[in-house]
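Asks: The structure under discussion is supplied below as structure tokens; questions concerning it will follow.
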Amino acid sequence: MSPFKNIISARPNEHFFDLPPLPMTPEGIARDFQHYYAYTFGRDRDCQSAYYPYKALAIALRDRLMERWKGTRHAYEEVGAKRTYYLSLEFLMGRALSNAMLNLGISDAAAKGLYDLGISLEEIAGNEPDAGLGNGGLGRLAACFLDSCATLQLPVRGYGLHYEYGMFRQLIENGNQIEEPDHWVRDGNPWELERPEFTQRIQFGGHTETHKDNDGRDVVRWVNTNDVLAVPYDIPIPGYRNGTINTLRLWKAAATDEFDLGEFNSGSYPESVAQKNAAEHITMVLYPNDASENGKELRLRQQFFLASASIKDVLRDWIRLHGKDFSGFAEKNCFQLNDTHPAVSVAELMRQLMDDHGLEWTQAWAITRKTMAYTNHTLLPEALERWPVRLFERLLPRILQIIYEINARFLAEVATRWPGDNDRQRRMSLIEEGYESQVRMAYLAIVGSFSVNGVAGLHSQLLVEGLFRDFYELWPDKFNNKTNGVTPRRWLAMCNPGLRELLDETIGTEWVRDLSQLERLAPYAEDADFRERWHRIKQDNKRCLANTVEQVCRVSFPVDALFDVQVKRIHEYKRQLLNILHVIHLYNRIKRGDTRDWTSRCVLIGGKAAPGYQMAKQIIKLINNVARAINNDPETEGLLRVAFIPDYCVSLMEVIAPGTDLSEQISTAGKEASGTGNMKFMMNGAITIGTLDGANIEIREQVGDEHFFLFGLTAAGVEARRSHYDPNGIIAGDAALLEVMSLLESGHFNQFEPGIFDQIILSIRNAHDPWMTAADFRSYIDAQEQVAAAYRDRERWLRMSILNTAHSGHFSSDRTIAEYNRDIWKLASVTPESLGG
Ligand SMILES: *Cc1c(COP(=O)(O)O)cnc(C)c1O
């Protein structure tokens, strides 16, 4: 960290930081744009690449963020604000440019400034790569939350990892998923600011030693460790037109400058340098598993690296302002853990408070339990993190000691409450005994936190009835629900400018800040002229989506057809399979001439499969093969089109959501914790076909039963059915399903690829199919028939569409964050000195 060894002695005078505010006019922005293009990047008229215009504009905007960023930092510090730190291994941010312009309120000015230079803003914006530092819903939620925190002017900082490679790019070759590394920072990231002066040193390995200090107390030292540096990169998070810019701080791993002198002197220079590289591998790549854990050592390293660096950063700042007096720390700080991925923070905060700052166990534990809060995101057993004790011992020996001590004290508490109930102690232990003992990270998070929340009403209820039941009995007040939301800036105002204009004109502009205002749209559902305008906007958005589908899939989607869309990670519980069975059923109907009162349909499916998830990859292949068979059959012309859209990501969703008529939310009831894709679609006027799962339940409550297409078993119904589930009986008793299975089993969709769908077929016919696809088939097909009929009644459909948007206000992440703040964080909002914008 050589640049910071030498501190300059000359101090700048008081005018050094006096800079005039930057202009927010078309001319001012264009001027800066030209400047960066010509002088910073040194390009001229010969440059063909559209990338440099993007970068030049990004830096011009970043300057404007920068001046407000500083103001926000100072405002927080001046009032001594209480703060929350949102710890997450994933932030699925997408693109930043259009969002920065929207939130700064300079979209029109920038467009005009560039237009006057003969440049299209839209074209420039399309050249920004997505920041894909997340898998799916959990990572995107973190991104929406940051936007809402800044908009509500809450002092919240995101902490995450600066992965060199984000979510892989998905290609489809011969119907199969191909993964391509996403080296998203290769050409530099104009939105980040490296902060080497805040570098932290993170320990791994080694062993512990106990000493007596001067007062005769035991002090533990963690020694002989292999250290790695954590270098922070700050990304500005602008609030909506309020002068607030919060921070997302991402840690990147760097080797310490020390070489292993033993190896160095024995002539193994390359080996000792290679060790440096190993350190940097920690933040090389995002693990591409959504809703499952693969238990790799490097993943645990990532988790501890994030926890340790972030806590050190927070404590460093505390000490700078308050010295080593931690008595007021818990009143001023809160850590929100996004799932168990950063749960090791509980033990790491204990360690730093005790070993680095001299607190006693009881003081440190009191602080920890008042500052940590945990959000659970899933009930799926394969997603529950457990780490082998043996791995902890080798990688984080001091942390394991602390976890053992937390557990011993916790189990004593359990024994006091339920004397002699050994079975309960075994059930609740942070250590799962067995062939290989494991640390239960969810239990560590619960025991170390003052708040535990689920992410939708049903999910929170199932948590306390099932997975966390014992803990709920012990601490009922810890548990609460916070139904997810999405930011209406990105997911309505930014991605659907046509609708934004109509909304502004109809109900004013406050809805962007207060989405409950959308309720005022409801009466317009009865206004025929308004419906016509609504229709035209939707058709324009469908045209836009159809162009994208045509370009990337070579499938043409006529815009008069019903656009039926399911985009999300590919997972068995999300049941893309059920969707494709319906598509095959429609195909069967076409082939047998059963097309009276037909509604023409375009089915779009997209999503990535975890690279090691074989079944999910086969489902992708099946969708592609079914699509090829149907699209190539002349009899389907004008009736049915099917496409799999590759590389589903945030910027693609920004095109898909506005152009969708029907939103498919068809998970097995009780399996989808919340869903957030469902909310983006609803905001943009799509109607949902869905099960009573996750936030679908609340969507239906908000919009009303008659404006939602419900089907399928309830969560309780699913569990009740398991003992006597008989898919083969169901198939035999349902002519339509039998016909679908027969076509699938005949090899019609895999003529020169024998057997490739056998596993899928077996899973549907398996009495132990956890997702019970066959059980919901009939009810799904019937609901789809109602969808088709509703779509043929254009005025009815438009009414439903308008009402879906009108009642979507509840699903703004502003509402979610206001609830987190009211019940958990209790932060005061802080308004920085205004620069405007
Ligand atoms: C919203 C979103 C998700 C989450 O979708 P679900 O349907 O809730 O699973 C995943 N990926 C991307 C890119 C998203 O924008």
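Chain labels follow the order of the structure tokens: the first chain is A, the next B, and so on; residue numbering restarts at 1 in every chain, and ligands are counted from 1 in their shown order.
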At a cut-off of 9 Å and counting only C-alpha atoms and all ligand atoms, what residues surround ligand 1? Please answer as a PyMOL selection string.
Replies: chain A and resi 92+94+132+134-141+486+566-570+574+607-608+648-654+664-665+672-680
Asks: Please produce a file of the residues just selected, as a compact mmCIF listing (two decimals), in the first residue's frame, where the atoms kept are N, CA, C and O atoms.
Replies:
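Saved the output as selection_29.txt:
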# COMPACT_ATOMS: atom_id res chain seq x y z
N LEU A 92 -27.07 -7.90 -6.96
CA LEU A 92 -27.33 -8.01 -8.40
C LEU A 92 -27.79 -6.65 -8.90
O LEU A 92 -28.98 -6.38 -9.02
N GLY A 94 -27.19 -4.83 -11.80
CA GLY A 94 -27.54 -4.48 -13.18
C GLY A 94 -26.79 -3.25 -13.63
O GLY A 94 -25.68 -2.99 -13.17
N GLY A 132 -23.32 -8.11 -12.49
CA GLY A 132 -24.06 -9.33 -12.18
C GLY A 132 -23.50 -10.05 -10.97
O GLY A 132 -23.18 -11.23 -11.05
N GLY A 134 -24.61 -11.40 -8.44
CA GLY A 134 -25.61 -12.14 -7.69
C GLY A 134 -26.25 -13.18 -8.59
O GLY A 134 -26.10 -13.15 -9.81
N ASN A 135 -26.97 -14.12 -7.96
CA ASN A 135 -27.58 -15.22 -8.68
C ASN A 135 -28.98 -14.90 -9.18
O ASN A 135 -29.32 -15.19 -10.32
N GLY A 136 -29.80 -14.37 -8.29
CA GLY A 136 -31.21 -14.18 -8.63
C GLY A 136 -31.89 -13.31 -7.60
O GLY A 136 -31.38 -12.23 -7.26
N GLY A 137 -33.01 -13.79 -7.09
CA GLY A 137 -33.87 -12.98 -6.23
C GLY A 137 -33.16 -12.39 -5.01
O GLY A 137 -33.33 -11.21 -4.71
N LEU A 138 -32.36 -13.19 -4.33
CA LEU A 138 -31.71 -12.73 -3.10
C LEU A 138 -30.75 -11.57 -3.37
O LEU A 138 -30.72 -10.58 -2.63
N GLY A 139 -30.00 -11.67 -4.45
CA GLY A 139 -29.05 -10.61 -4.79
C GLY A 139 -29.74 -9.38 -5.34
O GLY A 139 -29.34 -8.24 -5.09
N ARG A 140 -30.81 -9.59 -6.11
CA ARG A 140 -31.56 -8.45 -6.65
C ARG A 140 -32.29 -7.72 -5.51
O ARG A 140 -32.40 -6.50 -5.53
N LEU A 141 -32.76 -8.46 -4.52
CA LEU A 141 -33.41 -7.84 -3.37
C LEU A 141 -32.45 -6.87 -2.69
O LEU A 141 -32.82 -5.74 -2.34
N VAL A 486 -39.84 -4.48 -4.52
CA VAL A 486 -38.88 -4.11 -5.57
C VAL A 486 -38.92 -2.60 -5.76
O VAL A 486 -39.94 -1.96 -5.46
N GLN A 566 -42.37 -16.78 -18.30
CA GLN A 566 -41.78 -17.28 -17.05
C GLN A 566 -40.28 -17.10 -17.12
O GLN A 566 -39.59 -17.82 -17.84
N VAL A 567 -39.76 -16.11 -16.41
CA VAL A 567 -38.31 -15.91 -16.34
C VAL A 567 -37.89 -15.89 -14.87
O VAL A 567 -38.45 -15.15 -14.08
N LYS A 568 -36.91 -16.69 -14.55
CA LYS A 568 -36.39 -16.84 -13.20
C LYS A 568 -35.35 -17.94 -13.25
O LYS A 568 -35.22 -18.61 -14.28
N ARG A 569 -34.57 -18.12 -12.17
CA ARG A 569 -33.64 -19.24 -12.16
C ARG A 569 -34.38 -20.54 -12.46
O ARG A 569 -35.54 -20.71 -12.07
N ILE A 570 -33.68 -21.45 -13.18
CA ILE A 570 -34.31 -22.73 -13.47
C ILE A 570 -34.13 -23.63 -12.24
O ILE A 570 -33.01 -23.87 -11.79
N LYS A 574 -39.56 -24.34 -8.93
CA LYS A 574 -40.24 -23.26 -9.65
C LYS A 574 -41.11 -23.80 -10.80
O LYS A 574 -41.91 -23.08 -11.36
N GLY A 607 -33.95 -18.29 -18.05
CA GLY A 607 -33.34 -18.44 -16.73
C GLY A 607 -32.09 -19.28 -16.81
O GLY A 607 -31.91 -20.06 -17.73
N LYS A 608 -31.22 -19.11 -15.84
CA LYS A 608 -29.97 -19.86 -15.79
C LYS A 608 -30.10 -21.04 -14.84
O LYS A 608 -30.80 -20.95 -13.83
N TYR A 648 -30.81 -14.67 -19.15
CA TYR A 648 -31.71 -13.85 -18.34
C TYR A 648 -30.90 -13.07 -17.29
O TYR A 648 -30.11 -13.65 -16.56
N CYS A 649 -31.10 -11.77 -17.24
CA CYS A 649 -30.32 -10.92 -16.32
C CYS A 649 -31.15 -9.66 -16.07
O CYS A 649 -32.25 -9.50 -16.61
N VAL A 650 -30.65 -8.76 -15.24
CA VAL A 650 -31.43 -7.59 -14.84
C VAL A 650 -31.81 -6.73 -16.05
O VAL A 650 -32.97 -6.34 -16.23
N SER A 651 -30.82 -6.45 -16.92
CA SER A 651 -31.14 -5.55 -18.03
C SER A 651 -32.12 -6.21 -19.01
O SER A 651 -32.91 -5.51 -19.65
N LEU A 652 -32.11 -7.52 -19.11
CA LEU A 652 -33.09 -8.20 -19.96
C LEU A 652 -34.48 -8.11 -19.32
O LEU A 652 -35.49 -7.86 -20.01
N MET A 653 -34.55 -8.27 -18.01
CA MET A 653 -35.84 -8.17 -17.32
C MET A 653 -36.44 -6.78 -17.51
O MET A 653 -37.67 -6.63 -17.52
N GLU A 654 -35.60 -5.77 -17.68
CA GLU A 654 -36.11 -4.42 -17.88
C GLU A 654 -36.87 -4.29 -19.20
O GLU A 654 -37.69 -3.38 -19.37
N GLU A 664 -46.03 -15.93 -15.01
CA GLU A 664 -46.12 -17.31 -14.51
C GLU A 664 -45.39 -17.42 -13.18
O GLU A 664 -44.16 -17.29 -13.10
N GLN A 665 -46.15 -17.71 -12.10
CA GLN A 665 -45.58 -17.83 -10.75
C GLN A 665 -46.11 -19.11 -10.16
O GLN A 665 -47.00 -19.10 -9.31
N GLU A 672 -41.55 -21.44 -2.60
CA GLU A 672 -41.00 -20.14 -3.00
C GLU A 672 -41.16 -19.20 -1.81
O GLU A 672 -42.28 -18.88 -1.41
N ALA A 673 -40.05 -18.76 -1.24
CA ALA A 673 -40.14 -17.96 -0.02
C ALA A 673 -41.00 -16.71 -0.27
O ALA A 673 -41.92 -16.42 0.48
N SER A 674 -40.68 -15.96 -1.32
CA SER A 674 -41.47 -14.77 -1.64
C SER A 674 -41.67 -14.64 -3.14
O SER A 674 -42.79 -14.61 -3.65
N GLY A 675 -40.52 -14.61 -3.85
CA GLY A 675 -40.55 -14.19 -5.25
C GLY A 675 -40.55 -12.67 -5.28
O GLY A 675 -41.12 -12.01 -4.40
N THR A 676 -39.85 -12.12 -6.27
CA THR A 676 -39.90 -10.68 -6.50
C THR A 676 -40.18 -10.41 -7.98
O THR A 676 -40.67 -9.34 -8.33
N GLY A 677 -39.89 -11.40 -8.83
CA GLY A 677 -40.23 -11.27 -10.25
C GLY A 677 -41.73 -11.04 -10.36
O GLY A 677 -42.19 -10.19 -11.15
N ASN A 678 -42.50 -11.77 -9.57
CA ASN A 678 -43.97 -11.60 -9.56
C ASN A 678 -44.36 -10.13 -9.36
O ASN A 678 -45.31 -9.65 -9.96
N MET A 679 -43.62 -9.41 -8.51
CA MET A 679 -43.96 -8.00 -8.21
C MET A 679 -43.62 -7.08 -9.38
O MET A 679 -44.37 -6.15 -9.70
N LYS A 680 -42.47 -7.33 -10.03
CA LYS A 680 -42.09 -6.50 -11.18
C LYS A 680 -43.13 -6.61 -12.29
O LYS A 680 -43.51 -5.61 -12.92
Asks: Would you return as JSON, numbers by chain the members of stretch 608-651 of chain A that DSSP assigns to alpha helix (DSSP H) on this structure's backbone?
Replies: {"A": [614, 615, 616, 617, 618, 619, 620, 621, 622, 623, 624, 625, 626, 627, 628, 629, 630, 631, 650, 651]}
Asks: Can I get the selected residues back with N, CA, C and O atoms, as an mmCIF file, in the first residue's frame?
Replies:
data_model
loop_
_atom_site.group_PDB
_atom_site.id
_atom_site.type_symbol
_atom_site.label_atom_id
_atom_site.label_comp_id
_atom_site.auth_asym_id
_atom_site.auth_seq_id
_atom_site.Cartn_x
_atom_site.Cartn_y
_atom_site.Cartn_z
ATOM 1 N N GLN A 614 -27.894 -30.903 -12.814
ATOM 2 C CA GLN A 614 -28.171 -31.644 -14.049
ATOM 3 C C GLN A 614 -29.637 -31.573 -14.457
ATOM 4 O O GLN A 614 -29.952 -31.365 -15.627
ATOM 5 N N MET A 615 -30.523 -31.755 -13.497
ATOM 6 C CA MET A 615 -31.952 -31.768 -13.824
ATOM 7 C C MET A 615 -32.380 -30.421 -14.414
ATOM 8 O O MET A 615 -33.119 -30.378 -15.402
ATOM 9 N N ALA A 616 -31.894 -29.341 -13.852
ATOM 10 C CA ALA A 616 -32.254 -28.014 -14.353
ATOM 11 C C ALA A 616 -31.753 -27.839 -15.792
ATOM 12 O O ALA A 616 -32.429 -27.239 -16.637
ATOM 13 N N LYS A 617 -30.565 -28.380 -16.067
ATOM 14 C CA LYS A 617 -30.027 -28.251 -17.425
ATOM 15 C C LYS A 617 -30.841 -29.065 -18.425
ATOM 16 O O LYS A 617 -31.031 -28.656 -19.579
ATOM 17 N N GLN A 618 -31.349 -30.222 -17.960
ATOM 18 C CA GLN A 618 -32.191 -31.016 -18.846
ATOM 19 C C GLN A 618 -33.523 -30.313 -19.116
ATOM 20 O O GLN A 618 -34.089 -30.432 -20.210
ATOM 21 N N ILE A 619 -34.017 -29.604 -18.143
ATOM 22 C CA ILE A 619 -35.268 -28.856 -18.343
ATOM 23 C C ILE A 619 -35.057 -27.772 -19.416
ATOM 24 O O ILE A 619 -35.907 -27.571 -20.286
ATOM 25 N N ILE A 620 -33.898 -27.115 -19.385
ATOM 26 C CA ILE A 620 -33.590 -26.122 -20.423
ATOM 27 C C ILE A 620 -33.579 -26.783 -21.802
ATOM 28 O O ILE A 620 -34.162 -26.270 -22.767
ATOM 29 N N LYS A 621 -32.945 -27.931 -21.868
ATOM 30 C CA LYS A 621 -32.872 -28.661 -23.144
ATOM 31 C C LYS A 621 -34.281 -29.041 -23.621
ATOM 32 O O LYS A 621 -34.607 -28.895 -24.807
ATOM 33 N N LEU A 622 -35.120 -29.490 -22.697
ATOM 34 C CA LEU A 622 -36.481 -29.869 -23.071
ATOM 35 C C LEU A 622 -37.262 -28.667 -23.615
ATOM 36 O O LEU A 622 -37.926 -28.753 -24.647
ATOM 37 N N ILE A 623 -37.151 -27.539 -22.920
ATOM 38 C CA ILE A 623 -37.863 -26.340 -23.372
ATOM 39 C C ILE A 623 -37.424 -26.000 -24.797
ATOM 40 O O ILE A 623 -38.252 -25.724 -25.679
ATOM 41 N N ASN A 624 -36.128 -26.042 -25.034
ATOM 42 C CA ASN A 624 -35.616 -25.698 -26.362
ATOM 43 C C ASN A 624 -36.062 -26.691 -27.424
ATOM 44 O O ASN A 624 -36.392 -26.299 -28.549
ATOM 45 N N ASN A 625 -36.080 -27.974 -27.079
ATOM 46 C CA ASN A 625 -36.505 -28.961 -28.074
ATOM 47 C C ASN A 625 -37.996 -28.844 -28.371
ATOM 48 O O ASN A 625 -38.420 -28.948 -29.530
ATOM 49 N N VAL A 626 -38.800 -28.613 -27.335
ATOM 50 C CA VAL A 626 -40.237 -28.435 -27.550
ATOM 51 C C VAL A 626 -40.476 -27.183 -28.405
ATOM 52 O O VAL A 626 -41.282 -27.197 -29.348
ATOM 53 N N ALA A 627 -39.730 -26.122 -28.093
ATOM 54 C CA ALA A 627 -39.875 -24.881 -28.857
ATOM 55 C C ALA A 627 -39.566 -25.128 -30.335
ATOM 56 O O ALA A 627 -40.317 -24.696 -31.221
ATOM 57 N N ARG A 628 -38.473 -25.863 -30.604
ATOM 58 C CA ARG A 628 -38.096 -26.108 -31.991
ATOM 59 C C ARG A 628 -39.171 -26.902 -32.732
ATOM 60 O O ARG A 628 -39.571 -26.560 -33.843
ATOM 61 N N ALA A 629 -39.679 -27.949 -32.082
ATOM 62 C CA ALA A 629 -40.701 -28.789 -32.722
ATOM 63 C C ALA A 629 -41.951 -27.963 -33.032
ATOM 64 O O ALA A 629 -42.516 -28.062 -34.126
ATOM 65 N N ILE A 630 -42.371 -27.159 -32.081
ATOM 66 C CA ILE A 630 -43.611 -26.396 -32.273
ATOM 67 C C ILE A 630 -43.428 -25.280 -33.302
ATOM 68 O O ILE A 630 -44.244 -25.121 -34.215
ATOM 69 N N ASN A 631 -42.341 -24.528 -33.179
ATOM 70 C CA ASN A 631 -42.152 -23.394 -34.089
ATOM 71 C C ASN A 631 -41.949 -23.851 -35.529
ATOM 72 O O ASN A 631 -42.253 -23.107 -36.461
ATOM 73 N N VAL A 650 -30.652 -8.762 -15.245
ATOM 74 C CA VAL A 650 -31.429 -7.586 -14.840
ATOM 75 C C VAL A 650 -31.809 -6.730 -16.053
ATOM 76 O O VAL A 650 -32.970 -6.343 -16.231
ATOM 77 N N SER A 651 -30.825 -6.452 -16.920
ATOM 78 C CA SER A 651 -31.143 -5.549 -18.035
ATOM 79 C C SER A 651 -32.117 -6.207 -19.012
ATOM 80 O O SER A 651 -32.911 -5.506 -19.654
#
Asks: Find the residues around A:Ala767 up to 8 Å (only C-alpha atoms counted), leave out those fewer than 4 positions away in its own chain, and share them as a compact mmCIF listing (two decimals) with N, CA and C atoms, in the first residue's frame.
Replies:
# COMPACT_ATOMS: atom_id res chain seq x y z
N TYR A 725 -49.49 -39.71 -2.57
CA TYR A 725 -49.36 -39.11 -3.91
C TYR A 725 -49.16 -40.22 -4.94
N ASP A 726 -49.99 -40.18 -5.98
CA ASP A 726 -49.96 -41.25 -6.98
C ASP A 726 -49.97 -40.64 -8.38
N PRO A 727 -48.80 -40.16 -8.83
CA PRO A 727 -48.77 -39.47 -10.13
C PRO A 727 -49.21 -40.37 -11.28
N ASN A 728 -48.88 -41.65 -11.24
CA ASN A 728 -49.26 -42.53 -12.35
C ASN A 728 -50.77 -42.69 -12.43
Asks: Have a look at A:Arg45, A:Lys538, A:Arg64, A:His810 and name the one nearest to A:Thr660; count only C-alpha atoms.
Replies: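 Distance minimum relative to A:Thr660 lands on A:Lys538.
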Asks: What is the distance between atom CA of A:Pro770 and atom CA of A:Ala383, in Å to one decimal?
Replies: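 Going from atom CA of A:Pro770 over to atom CA of A:Ala383, I get 15.1 Å.
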Asks: Can you list every residue of stretch 336-434 of chain A that has an atom at most 8 Å from stretch 294-302 of chain A, with its nearest atom pair and the distance in Å to one decimal, using only C-alpha atoms, ordered by chain then number, as a Markdown table?
Replies:
| residue | atom | partner | partner_atom | distance |
| --- | --- | --- | --- | --- |
| A:Glu385 | CA | A:Gly295 | CA | 7.9 |
| A:Arg386 | CA | A:Gly295 | CA | 7.8 |
| A:Trp387 | CA | A:Gly295 | CA | 6.9 |
| A:Leu391 | CA | A:Glu297 | CA | 7.4 |
| A:Leu395 | CA | A:Arg301 | CA | 7.9 |
Asks: Looking only at the backbone, which of the residues in stretch 444-553 of chain A does DSSP tag as strand (DSSP E), as a tab-separated table (two decimals) with N, CA, C and O atoms, in the first residue's frame?
Replies:
chain	number	residue	atom	x	y	z
A	451	SER	N	-33.32	-10.17	15.90
A	451	SER	CA	-34.47	-10.24	14.98
A	451	SER	C	-34.22	-11.31	13.94
A	451	SER	O	-33.11	-11.43	13.41
A	452	VAL	N	-35.24	-12.11	13.67
A	452	VAL	CA	-35.18	-13.10	12.60
A	452	VAL	C	-36.44	-12.91	11.76
A	452	VAL	O	-37.54	-12.96	12.30
A	453	ASN	N	-36.25	-12.66	10.47
A	453	ASN	CA	-37.45	-12.47	9.65
A	453	ASN	C	-37.46	-13.34	8.41
A	453	ASN	O	-36.43	-13.69	7.85
A	454	GLY	N	-38.69	-13.70	8.00
A	454	GLY	CA	-38.93	-14.31	6.71
A	454	GLY	C	-39.32	-13.22	5.73
A	454	GLY	O	-39.42	-12.05	6.11
A	479	PHE	N	-39.10	-13.22	16.22
A	479	PHE	CA	-39.48	-13.59	14.86
A	479	PHE	C	-40.48	-12.61	14.27
A	479	PHE	O	-41.43	-12.18	14.93
A	480	ASN	N	-40.26	-12.24	13.02
A	480	ASN	CA	-41.17	-11.30	12.35
A	480	ASN	C	-41.13	-11.50	10.84
A	480	ASN	O	-40.27	-12.22	10.32
A	481	ASN	N	-42.08	-10.89	10.17
A	481	ASN	CA	-42.16	-10.97	8.71
A	481	ASN	C	-41.87	-9.62	8.07
A	481	ASN	O	-42.28	-8.60	8.58
Asks: Write out as a ChimeraX atom specification each polymer residue whose atoms come within 10 Å of stretch 439-450 of chain A, counting only C-alpha atoms; drop sequence neighbours fewer than 2 positions from it.
Replies: /A:335-337,339-347,350,365-376,384-392,400,403-404,406-407,410,428-433,437,452-453,467-468,471-472,475,477-479,824
Asks: How about saving the chosen residues, C-alpha atoms kept, as a PDB file, in the first residue's frame?
Replies:
ATOM      1  CA  PHE A 335     -25.922  -5.519  10.961  1.00  0.00           C
ATOM      2  CA  GLN A 336     -28.578  -7.061   8.709  1.00  0.00           C
ATOM      3  CA  LEU A 337     -27.499 -10.516   7.503  1.00  0.00           C
ATOM      4  CA  ASP A 339     -29.416 -15.114   4.626  1.00  0.00           C
ATOM      5  CA  THR A 340     -26.868 -17.213   6.519  1.00  0.00           C
ATOM      6  CA  HIS A 341     -24.095 -16.474   4.005  1.00  0.00           C
ATOM      7  CA  PRO A 342     -22.602 -13.796   6.300  1.00  0.00           C
ATOM      8  CA  ALA A 343     -23.722 -15.527   9.557  1.00  0.00           C
ATOM      9  CA  VAL A 344     -20.132 -16.116  10.652  1.00  0.00           C
ATOM     10  CA  SER A 345     -20.278 -12.384  11.478  1.00  0.00           C
ATOM     11  CA  VAL A 346     -21.853 -13.318  14.828  1.00  0.00           C
ATOM     12  CA  ALA A 347     -18.689 -15.090  15.957  1.00  0.00           C
ATOM     13  CA  MET A 350     -17.371 -11.463  19.268  1.00  0.00           C
ATOM     14  CA  TRP A 365     -22.236 -10.916  23.704  1.00  0.00           C
ATOM     15  CA  ALA A 366     -24.634  -8.204  24.853  1.00  0.00           C
ATOM     16  CA  ILE A 367     -23.412  -5.992  21.998  1.00  0.00           C
ATOM     17  CA  THR A 368     -23.578  -8.773  19.422  1.00  0.00           C
ATOM     18  CA  ARG A 369     -27.104  -9.765  20.361  1.00  0.00           C
ATOM     19  CA  LYS A 370     -28.297  -6.181  20.153  1.00  0.00           C
ATOM     20  CA  THR A 371     -26.723  -5.443  16.764  1.00  0.00           C
ATOM     21  CA  MET A 372     -27.249  -8.539  14.599  1.00  0.00           C
ATOM     22  CA  ALA A 373     -30.444  -9.238  12.657  1.00  0.00           C
ATOM     23  CA  TYR A 374     -30.975 -12.161  10.300  1.00  0.00           C
ATOM     24  CA  THR A 375     -33.181 -12.594   7.237  1.00  0.00           C
ATOM     25  CA  ASN A 376     -34.037 -16.134   6.170  1.00  0.00           C
ATOM     26  CA  LEU A 384     -29.446 -24.660   4.639  1.00  0.00           C
ATOM     27  CA  GLU A 385     -25.806 -24.026   5.260  1.00  0.00           C
ATOM     28  CA  ARG A 386     -23.825 -26.430   7.377  1.00  0.00           C
ATOM     29  CA  TRP A 387     -20.045 -26.319   7.526  1.00  0.00           C
ATOM     30  CA  PRO A 388     -17.918 -29.243   8.700  1.00  0.00           C
ATOM     31  CA  VAL A 389     -16.350 -28.566  12.099  1.00  0.00           C
ATOM     32  CA  ARG A 390     -13.134 -29.985  10.680  1.00  0.00           C
ATOM     33  CA  LEU A 391     -13.045 -27.262   8.024  1.00  0.00           C
ATOM     34  CA  PHE A 392     -13.645 -24.531  10.593  1.00  0.00           C
ATOM     35  CA  LEU A 400     -14.704 -22.346  16.061  1.00  0.00           C
ATOM     36  CA  ILE A 403     -18.915 -20.894  18.296  1.00  0.00           C
ATOM     37  CA  TYR A 404     -18.385 -23.725  20.820  1.00  0.00           C
ATOM     38  CA  ILE A 406     -21.748 -19.603  22.247  1.00  0.00           C
ATOM     39  CA  ASN A 407     -23.245 -23.069  21.942  1.00  0.00           C
ATOM     40  CA  PHE A 410     -26.938 -21.335  24.710  1.00  0.00           C
ATOM     41  CA  MET A 428     -31.242 -26.985  18.920  1.00  0.00           C
ATOM     42  CA  SER A 429     -27.462 -27.362  19.195  1.00  0.00           C
ATOM     43  CA  LEU A 430     -25.377 -25.174  16.868  1.00  0.00           C
ATOM     44  CA  ILE A 431     -23.365 -28.317  16.236  1.00  0.00           C
ATOM     45  CA  GLU A 432     -25.008 -31.165  14.401  1.00  0.00           C
ATOM     46  CA  GLU A 433     -23.399 -34.366  15.644  1.00  0.00           C
ATOM     47  CA  SER A 437     -19.959 -32.862  12.914  1.00  0.00           C
ATOM     48  CA  VAL A 452     -35.183 -13.101  12.599  1.00  0.00           C
ATOM     49  CA  ASN A 453     -37.445 -12.467   9.647  1.00  0.00           C
ATOM     50  CA  LEU A 467     -37.721 -25.196  10.658  1.00  0.00           C
ATOM     51  CA  PHE A 468     -37.365 -22.727  13.557  1.00  0.00           C
ATOM     52  CA  PHE A 471     -36.413 -21.318  18.633  1.00  0.00           C
ATOM     53  CA  TYR A 472     -39.798 -19.685  18.265  1.00  0.00           C
ATOM     54  CA  TRP A 475     -37.947 -16.508  21.818  1.00  0.00           C
ATOM     55  CA  ASP A 477     -40.583 -12.020  20.041  1.00  0.00           C
ATOM     56  CA  LYS A 478     -37.512 -12.393  17.863  1.00  0.00           C
ATOM     57  CA  PHE A 479     -39.484 -13.591  14.860  1.00  0.00           C
ATOM     58  CA  ILE A 824     -35.635  -3.615  13.404  1.00  0.00           C
TER      59      ILE A 824
END
Asks: Give me, as a ChimeraX atom specification, all polymer residues having an atom no more than 12 Å from A:Gly717, counting only C-alpha atoms and skipping those fewer than 3 positions away in the same chain.
Replies: /A:668-670,691-693,712-714,720-725,772,775-776
Asks: For A:Glu706, which residue out of A:Ala522, A:Ala279, A:Ala790, A:Ile178 is the nearest one, using only C-alpha atoms?
Replies: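 Using only C-alpha atoms, A:Glu706 sits closest to A:Ala790.
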